[in-house]
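Data block for work-v3.tsv (TSV, C-alpha atoms and all ligand atoms):
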chain	number	residue	atom	x	y	z
X	48	MET	CA	37.67	82.01	85.47
X	49	ASP	CA	39.01	85.56	85.77
X	50	ASP	CA	35.83	87.59	86.28
X	51	ALA	CA	33.51	85.16	88.07
X	52	ASP	CA	30.42	86.47	89.84
X	53	ALA	CA	30.47	83.64	92.36
X	54	TYR	CA	32.98	81.16	93.74
X	55	ALA	CA	32.61	78.20	96.08
X	56	SER	CA	34.79	75.40	97.34
X	57	VAL	CA	34.06	72.22	99.24
X	58	LEU	CA	36.17	69.51	100.84
X	59	GLY	CA	34.36	66.22	100.35
X	60	PRO	CA	34.24	63.39	102.94
X	61	CYS	CA	36.84	61.40	100.94
X	62	GLY	CA	39.32	64.32	100.98
X	63	ASP	CA	38.65	65.60	97.44
X	64	ASN	CA	38.63	69.36	96.95
X	65	MET	CA	36.15	70.82	94.47
X	66	GLU	CA	36.10	74.46	93.44
X	67	MET	CA	33.56	76.14	91.17
X	68	TRP	CA	33.39	79.52	89.46
X	69	LEU	CA	30.16	80.91	88.06
X	70	GLU	CA	29.35	83.78	85.74
X	71	ALA	CA	25.74	85.07	85.79
X	72	ARG	CA	23.93	87.37	83.37
X	73	ASN	CA	20.32	88.59	83.89
X	74	GLY	CA	19.61	85.89	86.45
X	75	MET	CA	20.87	83.14	84.13
X	76	VAL	CA	23.99	81.00	84.48
X	77	LYS	CA	26.18	82.11	81.61
X	78	ASN	CA	29.22	79.96	82.37
X	79	VAL	CA	30.51	77.61	85.09
X	80	THR	CA	33.93	76.06	85.43
X	81	PHE	CA	35.37	73.72	88.03
X	82	TRP	CA	38.66	72.42	89.39
X	83	THR	CA	39.24	69.34	91.49
X	84	ASP	CA	42.13	67.26	92.79
X	85	GLY	CA	39.76	64.30	93.14
X	86	CYS	CA	39.42	60.94	91.40
X	87	SER	CA	37.90	60.32	87.98
X	88	ALA	CA	34.38	59.97	89.47
X	89	THR	CA	34.72	63.43	91.05
X	90	ILE	CA	35.91	64.85	87.71
X	91	ALA	CA	32.89	63.31	85.97
X	92	CYS	CA	30.51	64.78	88.57
X	93	GLY	CA	32.12	68.23	88.32
X	94	SER	CA	31.95	68.09	84.55
X	95	MET	CA	28.29	66.99	84.57
X	96	ALA	CA	27.29	69.58	87.23
X	97	THR	CA	28.77	72.43	85.18
X	98	GLU	CA	27.14	71.18	81.96
X	99	LEU	CA	23.75	70.87	83.68
X	100	ALA	CA	23.98	74.36	85.21
X	101	LYS	CA	24.86	76.25	82.02
X	102	GLY	CA	21.91	78.18	80.55
X	103	LYS	CA	19.70	77.57	83.62
X	104	THR	CA	18.24	80.27	85.88
X	105	LEU	CA	20.09	80.63	89.20
X	106	GLY	CA	17.16	78.93	90.99
X	107	GLU	CA	17.19	75.98	88.58
X	108	ALA	CA	20.96	75.66	88.93
X	109	LEU	CA	20.64	75.59	92.74
X	110	ALA	CA	18.12	72.76	92.43
X	111	ILE	CA	20.61	70.45	90.68
X	112	SER	CA	21.01	67.72	93.29
X	113	ALA	CA	23.53	64.91	93.68
X	114	ASP	CA	20.82	62.51	92.47
X	115	VAL	CA	20.25	64.49	89.27
X	116	ILE	CA	24.00	64.43	88.55
X	117	ALA	CA	24.20	60.68	89.25
X	118	ILE	CA	21.23	59.93	86.97
X	119	SER	CA	22.69	62.12	84.21
X	120	LEU	CA	26.03	60.32	84.46
X	121	GLY	CA	24.25	56.96	84.37
X	122	GLY	CA	22.67	58.04	81.12
X	123	LEU	CA	26.07	58.99	79.80
X	124	THR	CA	27.85	55.80	80.75
X	125	GLY	CA	24.87	53.69	79.69
X	126	LYS	CA	26.28	50.67	81.47
X	127	VAL	CA	22.97	48.82	81.69
X	128	GLU	CA	23.08	45.44	79.95
X	129	GLN	CA	26.09	46.31	77.86
X	130	GLU	CA	27.03	43.62	75.38
X	131	ALA	CA	30.62	42.45	75.11
X	132	ILE	CA	32.74	43.74	72.25
X	133	MET	CA	34.01	40.93	70.04
X	134	GLU	CA	36.96	42.87	68.72
X	135	ILE	CA	38.19	46.34	67.87
X	136	ARG	CA	40.07	46.90	64.62
X	137	LEU	CA	42.27	49.96	64.25
X	138	THR	CA	43.95	50.95	61.00
X	139	THR	CA	46.25	53.95	60.87
X	140	LEU	CA	45.64	55.55	57.48
X	141	SER	CA	47.96	58.54	57.87
X	142	GLU	CA	50.90	59.36	60.12
X	143	ASN	CA	54.25	61.20	60.03
X	144	THR	CA	56.04	57.98	59.09
X	145	ALA	CA	54.95	54.95	57.11
X	146	GLY	CA	55.30	51.22	57.64
X	147	MET	CA	56.47	48.74	55.04
X	148	GLY	CA	54.41	48.98	51.86
X	149	ASP	CA	53.38	51.47	49.22
X	150	PHE	CA	52.23	54.00	51.81
X	151	LEU	CA	52.55	57.77	51.90
X	152	ALA	CA	53.73	59.52	55.07
X	153	GLU	CA	52.96	63.13	55.95
X	154	TRP	CA	52.79	65.18	59.15
X	155	GLY	CA	49.35	64.43	60.60
X	156	LEU	CA	47.10	61.61	61.71
X	157	SER	CA	44.10	59.56	60.58
X	158	ILE	CA	42.90	56.34	62.19
X	159	LEU	CA	40.01	54.12	61.07
X	160	VAL	CA	38.20	52.49	64.01
X	161	GLU	CA	35.97	49.45	63.42
X	162	VAL	CA	33.82	48.42	66.38
X	163	ASP	CA	30.12	47.76	67.17
X	164	GLY	CA	29.58	47.07	63.45
X	165	MET	CA	30.55	50.67	62.66
X	166	ARG	CA	33.43	52.31	60.82
X	167	ILE	CA	34.49	55.57	62.43
X	168	LEU	CA	37.19	57.72	60.86
X	169	MET	CA	39.15	59.66	63.50
X	170	ASP	CA	40.80	62.60	61.67
X	171	THR	CA	41.73	62.76	58.01
X	172	GLY	CA	45.46	63.59	57.86
X	173	LEU	CA	47.10	66.64	56.28
X	174	SER	CA	46.20	66.11	52.61
X	175	SER	CA	45.86	63.07	50.35
X	176	SER	CA	47.73	60.39	52.34
X	177	ALA	CA	44.70	58.92	54.18
X	178	VAL	CA	42.79	58.38	50.94
X	179	HIS	CA	45.89	57.03	49.16
X	180	ASN	CA	46.81	54.64	51.98
X	181	ALA	CA	43.22	53.42	52.36
X	182	ARG	CA	43.26	52.53	48.65
X	183	VAL	CA	46.59	50.68	49.07
X	184	MET	CA	45.07	48.66	51.94
X	185	GLY	CA	41.87	47.90	50.03
X	186	ILE	CA	39.73	49.98	52.42
X	187	ASP	CA	36.64	51.52	50.84
X	188	LEU	CA	36.11	54.91	52.52
X	189	SER	CA	32.60	55.16	51.05
X	190	THR	CA	31.59	52.67	53.79
X	191	ILE	CA	32.51	54.85	56.80
X	192	ASP	CA	29.63	55.71	59.16
X	193	ARG	CA	31.02	58.73	61.04
X	194	ILE	CA	33.94	61.13	60.97
X	195	VAL	CA	35.33	62.51	64.24
X	196	LEU	CA	37.69	65.50	64.18
X	197	SER	CA	40.01	65.55	67.20
X	198	HIS	CA	40.57	69.32	66.72
X	199	GLY	CA	40.73	71.92	63.97
X	200	HIS	CA	44.43	71.83	63.03
X	201	THR	CA	45.18	71.28	59.33
X	202	ASP	CA	47.21	68.11	59.91
X	203	HIS	CA	44.01	66.40	61.14
X	204	THR	CA	41.43	68.05	58.89
X	205	GLY	CA	43.24	68.69	55.58
X	206	GLY	CA	42.17	65.34	54.10
X	207	LEU	CA	38.49	65.93	54.87
X	208	ARG	CA	37.49	67.20	51.43
X	209	ASP	CA	39.08	64.18	49.69
X	210	VAL	CA	37.32	61.79	52.08
X	211	LEU	CA	33.97	63.55	51.47
X	212	LYS	CA	34.49	63.23	47.71
X	213	ILE	CA	34.46	59.46	48.25
X	214	LYS	CA	31.91	59.24	51.08
X	215	GLY	CA	29.36	61.98	50.37
X	216	LYS	CA	26.82	62.53	53.15
X	217	VAL	CA	28.20	61.82	56.63
X	218	GLU	CA	27.97	63.13	60.19
X	219	VAL	CA	31.16	64.91	61.30
X	220	ILE	CA	31.51	65.10	65.08
X	221	ALA	CA	33.72	67.81	66.60
X	222	HIS	CA	33.88	70.58	69.21
X	223	PRO	CA	32.47	73.98	68.07
X	224	ASP	CA	35.95	75.58	68.39
X	225	VAL	CA	37.13	73.34	65.57
X	226	TRP	CA	36.14	76.34	63.41
X	227	ALA	CA	38.26	78.85	65.36
X	228	SER	CA	40.75	80.74	63.19
X	229	LYS	CA	43.94	78.92	64.17
X	230	TYR	CA	47.53	80.11	63.69
X	231	THR	CA	51.10	79.36	64.75
X	232	ARG	CA	54.50	80.98	64.52
X	233	ARG	CA	57.18	78.52	63.48
X	234	ASN	CA	60.84	78.72	64.55
X	235	GLY	CA	60.69	82.30	65.73
X	236	GLN	CA	59.14	83.52	62.46
X	237	GLU	CA	57.54	86.96	62.58
X	238	GLU	CA	54.70	86.08	60.22
X	239	GLU	CA	51.98	83.86	61.66
X	240	GLN	CA	50.90	80.86	59.62
X	241	TYR	CA	47.29	79.66	59.26
X	242	ILE	CA	46.92	76.10	60.57
X	243	GLY	CA	43.12	75.77	60.87
X	244	ILE	CA	40.68	73.81	58.69
X	245	PRO	CA	41.77	74.63	55.14
X	246	PHE	CA	38.22	74.66	53.72
X	247	SER	CA	35.11	76.72	54.31
X	248	ARG	CA	32.27	75.12	56.24
X	249	GLU	CA	29.97	75.80	53.27
X	250	GLU	CA	32.21	73.86	50.90
X	251	LEU	CA	32.42	70.84	53.21
X	252	GLU	CA	28.66	70.90	53.80
X	253	SER	CA	28.03	71.08	50.06
X	254	ARG	CA	30.12	67.91	49.75
X	255	GLY	CA	28.00	66.08	52.34
X	256	ALA	CA	29.45	66.95	55.78
X	257	ARG	CA	26.77	67.31	58.45
X	258	PHE	CA	28.53	68.88	61.43
X	259	ASN	CA	27.54	67.73	64.90
X	260	LEU	CA	29.42	70.26	67.06
X	261	SER	CA	29.34	69.60	70.80
X	262	LYS	CA	31.39	70.49	73.86
X	263	LYS	CA	29.93	67.47	75.62
X	264	PRO	CA	30.68	63.79	75.01
X	265	VAL	CA	28.84	62.45	71.95
X	266	ARG	CA	27.78	58.81	72.00
X	267	ILE	CA	28.37	57.16	68.63
X	268	SER	CA	27.44	53.54	69.36
X	269	GLU	CA	26.92	51.26	72.35
X	270	HIS	CA	30.61	51.26	73.35
X	271	VAL	CA	31.96	54.36	71.61
X	272	MET	CA	31.82	58.04	72.53
X	273	THR	CA	33.88	61.18	72.22
X	274	THR	CA	35.33	62.76	75.37
X	275	GLY	CA	33.97	66.23	74.69
X	276	GLU	CA	36.00	69.14	76.07
X	277	ILE	CA	38.92	67.99	78.21
X	278	PRO	CA	39.45	69.78	81.57
X	279	MET	CA	43.07	70.77	82.24
X	280	LEU	CA	43.59	69.20	85.66
X	281	SER	CA	47.12	67.74	85.84
X	282	GLU	CA	49.57	70.33	87.12
X	283	TYR	CA	52.27	69.62	84.53
X	284	GLU	CA	50.34	69.40	81.24
X	285	ALA	CA	49.81	72.64	79.30
X	286	VAL	CA	48.86	73.69	75.78
X	287	GLU	CA	51.90	74.86	73.79
X	288	ASN	CA	52.35	78.63	73.78
X	289	ASN	CA	53.02	78.97	70.03
X	290	LEU	CA	49.43	78.13	69.11
X	291	PHE	CA	47.02	81.02	68.55
X	292	VAL	CA	43.53	81.95	67.47
X	293	LYS	CA	42.89	85.18	65.58
X	294	ARG	CA	39.94	87.26	66.71
X	295	ASP	CA	39.26	90.82	65.49
X	296	GLY	CA	42.69	90.79	63.85
X	297	ALA	CA	44.55	90.02	67.09
X	298	LEU	CA	46.33	86.79	67.99
X	299	ARG	CA	45.48	85.23	71.33
X	300	GLN	CA	46.70	82.03	72.95
X	301	ASP	CA	44.65	79.08	71.66
X	302	PRO	CA	43.29	77.12	74.64
X	303	LEU	CA	42.61	74.23	72.20
X	304	ALA	CA	39.20	73.70	73.83
X	305	ASP	CA	38.33	71.72	70.69
X	306	ASP	CA	40.88	69.00	71.50
X	307	LEU	CA	38.98	65.73	72.11
X	308	ALA	CA	39.54	61.99	71.95
X	309	LEU	CA	37.55	58.89	71.00
X	310	VAL	CA	36.82	56.40	73.79
X	311	ILE	CA	35.86	52.76	73.36
X	312	ASP	CA	34.45	51.25	76.55
X	313	ALA	CA	35.39	47.58	76.12
X	314	GLU	CA	35.00	44.93	78.83
X	315	PHE	CA	38.79	44.44	78.82
X	316	GLY	CA	39.30	48.16	79.49
X	317	LEU	CA	39.11	51.53	77.78
X	318	VAL	CA	40.71	52.11	74.40
X	319	VAL	CA	41.42	55.80	73.90
X	320	ILE	CA	42.34	57.24	70.51
X	321	THR	CA	43.82	60.72	70.51
X	322	GLY	CA	44.55	63.22	67.75
X	323	CYS	CA	47.23	65.48	69.21
X	324	ALA	CA	46.25	65.39	72.91
X	325	HIS	CA	47.04	69.12	73.07
X	326	ARG	CA	45.26	69.22	76.46
X	327	GLY	CA	47.52	66.46	77.80
X	328	ILE	CA	47.42	62.69	77.36
X	329	VAL	CA	46.95	62.14	81.10
X	330	ASN	CA	44.11	64.71	81.29
X	331	THR	CA	42.53	62.90	78.32
X	332	LEU	CA	42.78	59.44	79.90
X	333	ARG	CA	41.48	60.73	83.27
X	334	LEU	CA	38.43	62.22	81.55
X	335	ALA	CA	37.83	58.97	79.64
X	336	GLN	CA	37.82	57.18	83.01
X	337	GLY	CA	35.48	59.83	84.42
X	338	ILE	CA	32.84	59.77	81.70
X	339	THR	CA	32.72	55.97	81.49
X	340	GLY	CA	33.10	55.26	85.20
X	341	ARG	CA	35.81	52.74	84.30
X	342	GLU	CA	39.29	52.70	85.89
X	343	GLN	CA	40.99	50.19	83.60
X	344	VAL	CA	42.60	51.81	80.55
X	345	TYR	CA	43.67	49.06	78.17
X	346	ALA	CA	45.21	51.11	75.37
X	347	ALA	CA	46.10	54.65	74.33
X	348	ILE	CA	46.80	55.18	70.64
X	349	GLY	CA	47.57	58.39	68.74
X	350	GLY	CA	49.26	61.73	69.31
X	351	THR	CA	50.49	62.70	72.78
X	352	HIS	CA	52.08	66.08	71.99
X	353	LEU	CA	55.26	65.40	73.91
X	354	LEU	CA	57.28	66.67	70.93
X	355	ARG	CA	58.85	69.60	72.76
X	356	ALA	CA	57.99	68.50	76.30
X	357	SER	CA	60.56	68.90	79.07
X	358	GLU	CA	62.15	65.77	80.48
X	359	GLU	CA	60.29	66.53	83.71
X	360	ARG	CA	56.93	66.45	81.91
X	361	ILE	CA	57.82	63.24	80.07
X	362	GLU	CA	58.82	61.60	83.36
X	363	LYS	CA	55.63	62.72	85.11
X	364	THR	CA	53.55	61.53	82.13
X	365	MET	CA	55.21	58.12	82.26
X	366	ALA	CA	54.63	57.85	86.01
X	367	ASP	CA	50.93	58.64	85.57
X	368	LEU	CA	50.58	56.21	82.64
X	369	ARG	CA	52.12	53.56	84.91
X	370	GLU	CA	49.68	54.44	87.69
X	371	ILE	CA	46.73	54.31	85.26
X	372	GLY	CA	47.96	50.79	84.44
X	373	ILE	CA	47.99	51.08	80.67
X	374	ARG	CA	48.54	47.78	78.84
X	375	ARG	CA	49.12	48.90	75.21
X	376	LEU	CA	50.67	52.17	74.15
X	377	GLY	CA	50.84	53.16	70.48
X	378	PRO	CA	51.99	56.78	70.41
X	379	SER	CA	52.14	58.51	67.05
X	380	HIS	CA	52.57	61.80	65.30
X	381	CYS	CA	53.33	64.70	67.69
X	382	THR	CA	54.79	62.39	70.36
X	383	GLY	CA	58.14	62.99	68.69
X	384	PHE	CA	61.17	60.73	68.50
X	385	HIS	CA	62.66	61.73	71.86
X	386	ALA	CA	59.56	60.99	73.97
X	387	SER	CA	58.76	57.89	71.87
X	388	ALA	CA	62.21	56.48	72.69
X	389	TRP	CA	61.64	57.08	76.42
X	390	LEU	CA	58.19	55.49	76.27
X	391	ALA	CA	59.55	52.49	74.34
X	392	LEU	CA	62.19	51.89	77.02
X	393	GLU	CA	59.77	52.37	79.89
X	394	PHE	CA	56.82	50.38	78.55
X	395	GLU	CA	58.77	47.66	76.70
X	396	ASP	CA	56.32	45.11	75.23
X	397	ALA	CA	53.27	47.34	75.84
X	398	PHE	CA	54.78	49.91	73.43
X	399	PHE	CA	54.38	49.73	69.67
X	400	VAL	CA	55.14	52.10	66.81
X	401	ASN	CA	51.83	53.26	65.35
X	402	ASN	CA	52.48	54.63	61.87
X	403	ALA	CA	50.72	54.65	58.49
X	404	GLY	CA	49.76	51.12	57.50
X	405	THR	CA	49.58	49.77	61.08
X	406	ARG	CA	46.64	47.39	61.51
X	407	LEU	CA	45.71	46.29	64.98
X	408	THR	CA	43.06	43.99	66.39
X	409	LEU	CA	42.25	44.36	70.11
X	410	PRO	CA	42.28	42.82	72.60
X	501	ZN	ZN	47.20	70.03	66.64
X	502	ZN	ZN	48.65	67.17	64.97
If you convert what's in this file into structure tokens, what do you get?
Ligand SMILES: [Zn+2]
Ligand SMILES: [Zn+2]
Amino acid sequence: MDDADAYASVLGPCGDNMEMWLEARNGMVKNVTFWTDGCSATIACGSMATELAKGKTLGEALAISADVIAISLGGLTGKVEQEAIMEIRLTTLSENTAGMGDFLAEWGLSILVEVDGMRILMDTGLSSSAVHNARVMGIDLSTIDRIVLSHGHTDHTGGLRDVLKIKGKVEVIAHPDVWASKYTRRNGQEEEQYIGIPFSREELESRGARFNLSKKPVRISEHVMTTGEIPMLSEYEAVENNLFVKRDGALRQDPLADDLALVIDAEFGLVVITGCAHRGIVNTLRLAQGITGREQVYAAIGGTHLLRASEERIEKTMADLREIGIRRLGPSHCTGFHASAWLALEFEDAFFVNNAGTRLTLP
């Protein structure tokens, strides 16, 4: 935080550093951010402490104890008497490339997740491919229970209107910044190009969308939740610098605060489904570990945004994925051919191509 009113740091007994920045206005906590080099549990505690402090008076914020944070995290992970998941079914409805069959491919992503007796649609692709491919696979999109938007970019939200035409009323879970006015400049072009949600909120709501916008994790069912906002903690992952938001007519760097992932907390490990992972696939997986209190990550599926990543970043990502102990890796979309090839060589049998038409049953 650039203009913090207060700053504190602490070195914990296990050697973790935690730093916090706080902005106060009229005796109230306006904003708090944190940084840590600690483990996933420390990240979860930092994240929860900052969420609890926001909007409180300074006195109330000071009274947030370790116990309060632990209880709040317990509520989040909800690990009491959790029932085992029988199976998780994932169907990729839209991706940059298509598998064998009468499928359409287009730049973007849409994955249907079936677990806990629910059908959750993660993203909707760029335009009509998700709806078309669902029809080809005999999937009735009027039966979906929730839509989750990984972020506001058109290639993940452009199919939303077509899906709503079939589904009607449905809760759409996303981060509030999903509605930021998003732009890019392609290949050194002067003119910026709009790449945000290509519909007005009013139009989508009139077609049945009920937006549940939250910066925090949103629990969808017993084993499923969104990550909420992803802290940028790894030293080598960064949001691409050709992505902007327009405010008061001026373009500013888009921090992609809306970037989130879907986490399934299965007894065989976490299954994490990403849209673009603009905030870094490793940051995303670390947060998933933090909010669930689980170390074992079974699978990561979806975009990893390694498309234009340096070889150094790809190598560091692979080393961290190894350390996390990932068992299945199905990168898609903005991973790009170059990084996909590296990941395929490194992860051998754990790696699979996840494109339109891919159906997967886990474990
Ligand atoms: Zn994106
Ligand atoms: Zn994308």
Proximity of chain X to ligand ZN 501 (chain X): per-residue shortest pair, 12 Å limit, only C-alpha atoms and all ligand atoms, as CSV:
residue,atom,partner,partner_atom,distance
X:Trp154,CA,X:ZN501,ZN,10.5
X:Gly155,CA,X:ZN501,ZN,8.5
X:Leu156,CA,X:ZN501,ZN,9.8
X:Asp170,CA,X:ZN501,ZN,11.0
X:Gly172,CA,X:ZN501,ZN,11.0
X:Leu173,CA,X:ZN501,ZN,10.9
X:Leu196,CA,X:ZN501,ZN,10.8
X:Ser197,CA,X:ZN501,ZN,8.5
X:His198,CA,X:ZN501,ZN,6.7
X:Gly199,CA,X:ZN501,ZN,7.2
X:His200,CA,X:ZN501,ZN,4.9
X:Thr201,CA,X:ZN501,ZN,7.7
X:Asp202,CA,X:ZN501,ZN,7.0
X:His203,CA,X:ZN501,ZN,7.3
X:Thr204,CA,X:ZN501,ZN,9.9
X:Gly205,CA,X:ZN501,ZN,11.8
X:Val225,CA,X:ZN501,ZN,10.7
X:Lys229,CA,X:ZN501,ZN,9.8
X:Tyr230,CA,X:ZN501,ZN,10.5
X:Thr231,CA,X:ZN501,ZN,10.3
X:Ile242,CA,X:ZN501,ZN,8.6
X:Gly243,CA,X:ZN501,ZN,9.1
X:Ile244,CA,X:ZN501,ZN,11.0
X:Val286,CA,X:ZN501,ZN,10.0
X:Glu287,CA,X:ZN501,ZN,9.8
X:Asn289,CA,X:ZN501,ZN,11.2
X:Leu290,CA,X:ZN501,ZN,8.8
X:Phe291,CA,X:ZN501,ZN,11.2
X:Asp301,CA,X:ZN501,ZN,10.7
X:Pro302,CA,X:ZN501,ZN,11.4
X:Leu303,CA,X:ZN501,ZN,8.3
X:Ala304,CA,X:ZN501,ZN,11.4
X:Asp305,CA,X:ZN501,ZN,9.9
X:Asp306,CA,X:ZN501,ZN,8.0
X:Leu307,CA,X:ZN501,ZN,10.8
X:Thr321,CA,X:ZN501,ZN,10.6
X:Gly322,CA,X:ZN501,ZN,7.4
X:Cys323,CA,X:ZN501,ZN,5.2
X:Ala324,CA,X:ZN501,ZN,7.9
X:His325,CA,X:ZN501,ZN,6.5
X:Arg326,CA,X:ZN501,ZN,10.0
X:Gly327,CA,X:ZN501,ZN,11.7
X:Gly349,CA,X:ZN501,ZN,11.8
X:Gly350,CA,X:ZN501,ZN,9.0
X:Thr351,CA,X:ZN501,ZN,10.1
X:His352,CA,X:ZN501,ZN,8.2
X:Leu353,CA,X:ZN501,ZN,11.8
X:Leu354,CA,X:ZN501,ZN,11.5
X:His380,CA,X:ZN501,ZN,9.9
X:Cys381,CA,X:ZN501,ZN,8.2
X:Thr382,CA,X:ZN501,ZN,11.4
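Reported to one decimal place, the separation of atom CA of X:Met65 from atom CA of X:Phe81 is 7.1 Å.
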Would you pick out the contacts of stretch 392-397 of chain X at 8 Å or less, using all atoms listed in the file, so that residues sharing its chain but fewer than 6 positions from it are not included, and give the list as an mmCIF file with C-alpha atoms, keeping the file's coordinate frame?
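New file part35.cif:
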data_model
loop_
_atom_site.group_PDB
_atom_site.id
_atom_site.type_symbol
_atom_site.label_atom_id
_atom_site.label_comp_id
_atom_site.auth_asym_id
_atom_site.auth_seq_id
_atom_site.Cartn_x
_atom_site.Cartn_y
_atom_site.Cartn_z
ATOM 1 C CA MET X 365 55.210 58.120 82.260
ATOM 2 C CA ARG X 374 48.540 47.780 78.840
ATOM 3 C CA ARG X 375 49.120 48.900 75.210
ATOM 4 C CA LEU X 376 50.670 52.170 74.150
#
Would you mind listing what lies within 10 Å of X:Ser189 as a ChimeraX atom specification, with all atoms listed in the file counted and same-chain residues fewer than 4 positions away left out?
/X:210-217
Residue contacts of X:Gly337 (10 Å, all atoms listed in the file) excluding same-chain residues fewer than 4 positions away, as an MDAnalysis selection string
chainID X and resid 86:94 120 124 274 331:333 341:342
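One finds atom CA of X:Ala96 at 11.9 Å from atom CA of X:Trp68.
The smallest atom-to-atom distance between ligand ZN 502 (chain X) and any of X:Glu142, X:Asp149, X:Asp209, X:Asp52, using all atoms listed in the file, is found for X:Glu142.
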Please output stretch 242-256 of chain X, rebuilt to include N, CA and C atoms, as a PDB file, keeping the file's coordinate frame.
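Output file selection28.pdb follows:
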ATOM      1  N   ILE X 242      46.871  77.567  60.420  1.00  0.00           N
ATOM      2  CA  ILE X 242      46.920  76.100  60.570  1.00  0.00           C
ATOM      3  C   ILE X 242      45.535  75.535  60.949  1.00  0.00           C
ATOM      4  N   GLY X 243      44.471  76.264  60.575  1.00  0.00           N
ATOM      5  CA  GLY X 243      43.120  75.770  60.870  1.00  0.00           C
ATOM      6  C   GLY X 243      42.602  74.899  59.732  1.00  0.00           C
ATOM      7  N   ILE X 244      41.302  74.608  59.753  1.00  0.00           N
ATOM      8  CA  ILE X 244      40.680  73.810  58.690  1.00  0.00           C
ATOM      9  C   ILE X 244      40.865  74.546  57.359  1.00  0.00           C
ATOM     10  N   PRO X 245      41.450  73.900  56.362  1.00  0.00           N
ATOM     11  CA  PRO X 245      41.770  74.630  55.140  1.00  0.00           C
ATOM     12  C   PRO X 245      40.623  74.732  54.133  1.00  0.00           C
ATOM     13  N   PHE X 246      39.394  74.553  54.597  1.00  0.00           N
ATOM     14  CA  PHE X 246      38.220  74.660  53.720  1.00  0.00           C
ATOM     15  C   PHE X 246      37.163  75.477  54.434  1.00  0.00           C
ATOM     16  N   SER X 247      36.220  76.028  53.667  1.00  0.00           N
ATOM     17  CA  SER X 247      35.110  76.720  54.310  1.00  0.00           C
ATOM     18  C   SER X 247      34.076  75.675  54.736  1.00  0.00           C
ATOM     19  N   ARG X 248      33.323  76.029  55.766  1.00  0.00           N
ATOM     20  CA  ARG X 248      32.270  75.120  56.240  1.00  0.00           C
ATOM     21  C   ARG X 248      31.256  74.866  55.132  1.00  0.00           C
ATOM     22  N   GLU X 249      30.955  75.929  54.353  1.00  0.00           N
ATOM     23  CA  GLU X 249      29.970  75.800  53.270  1.00  0.00           C
ATOM     24  C   GLU X 249      30.423  74.757  52.248  1.00  0.00           C
ATOM     25  N   GLU X 250      31.714  74.806  51.907  1.00  0.00           N
ATOM     26  CA  GLU X 250      32.210  73.860  50.900  1.00  0.00           C
ATOM     27  C   GLU X 250      32.084  72.425  51.402  1.00  0.00           C
ATOM     28  N   LEU X 251      32.475  72.208  52.666  1.00  0.00           N
ATOM     29  CA  LEU X 251      32.420  70.840  53.210  1.00  0.00           C
ATOM     30  C   LEU X 251      30.973  70.368  53.310  1.00  0.00           C
ATOM     31  N   GLU X 252      30.077  71.289  53.695  1.00  0.00           N
ATOM     32  CA  GLU X 252      28.660  70.900  53.800  1.00  0.00           C
ATOM     33  C   GLU X 252      28.091  70.594  52.420  1.00  0.00           C
ATOM     34  N   SER X 253      28.532  71.349  51.405  1.00  0.00           N
ATOM     35  CA  SER X 253      28.030  71.080  50.060  1.00  0.00           C
ATOM     36  C   SER X 253      28.524  69.731  49.546  1.00  0.00           C
ATOM     37  N   ARG X 254      29.612  69.237  50.147  1.00  0.00           N
ATOM     38  CA  ARG X 254      30.120  67.910  49.750  1.00  0.00           C
ATOM     39  C   ARG X 254      29.572  66.793  50.633  1.00  0.00           C
ATOM     40  N   GLY X 255      28.681  67.133  51.571  1.00  0.00           N
ATOM     41  CA  GLY X 255      28.000  66.080  52.340  1.00  0.00           C
ATOM     42  C   GLY X 255      28.250  66.087  53.831  1.00  0.00           C
ATOM     43  N   ALA X 256      29.171  66.947  54.332  1.00  0.00           N
ATOM     44  CA  ALA X 256      29.450  66.950  55.780  1.00  0.00           C
ATOM     45  C   ALA X 256      28.254  67.507  56.532  1.00  0.00           C
TER      46      ALA X 256
END
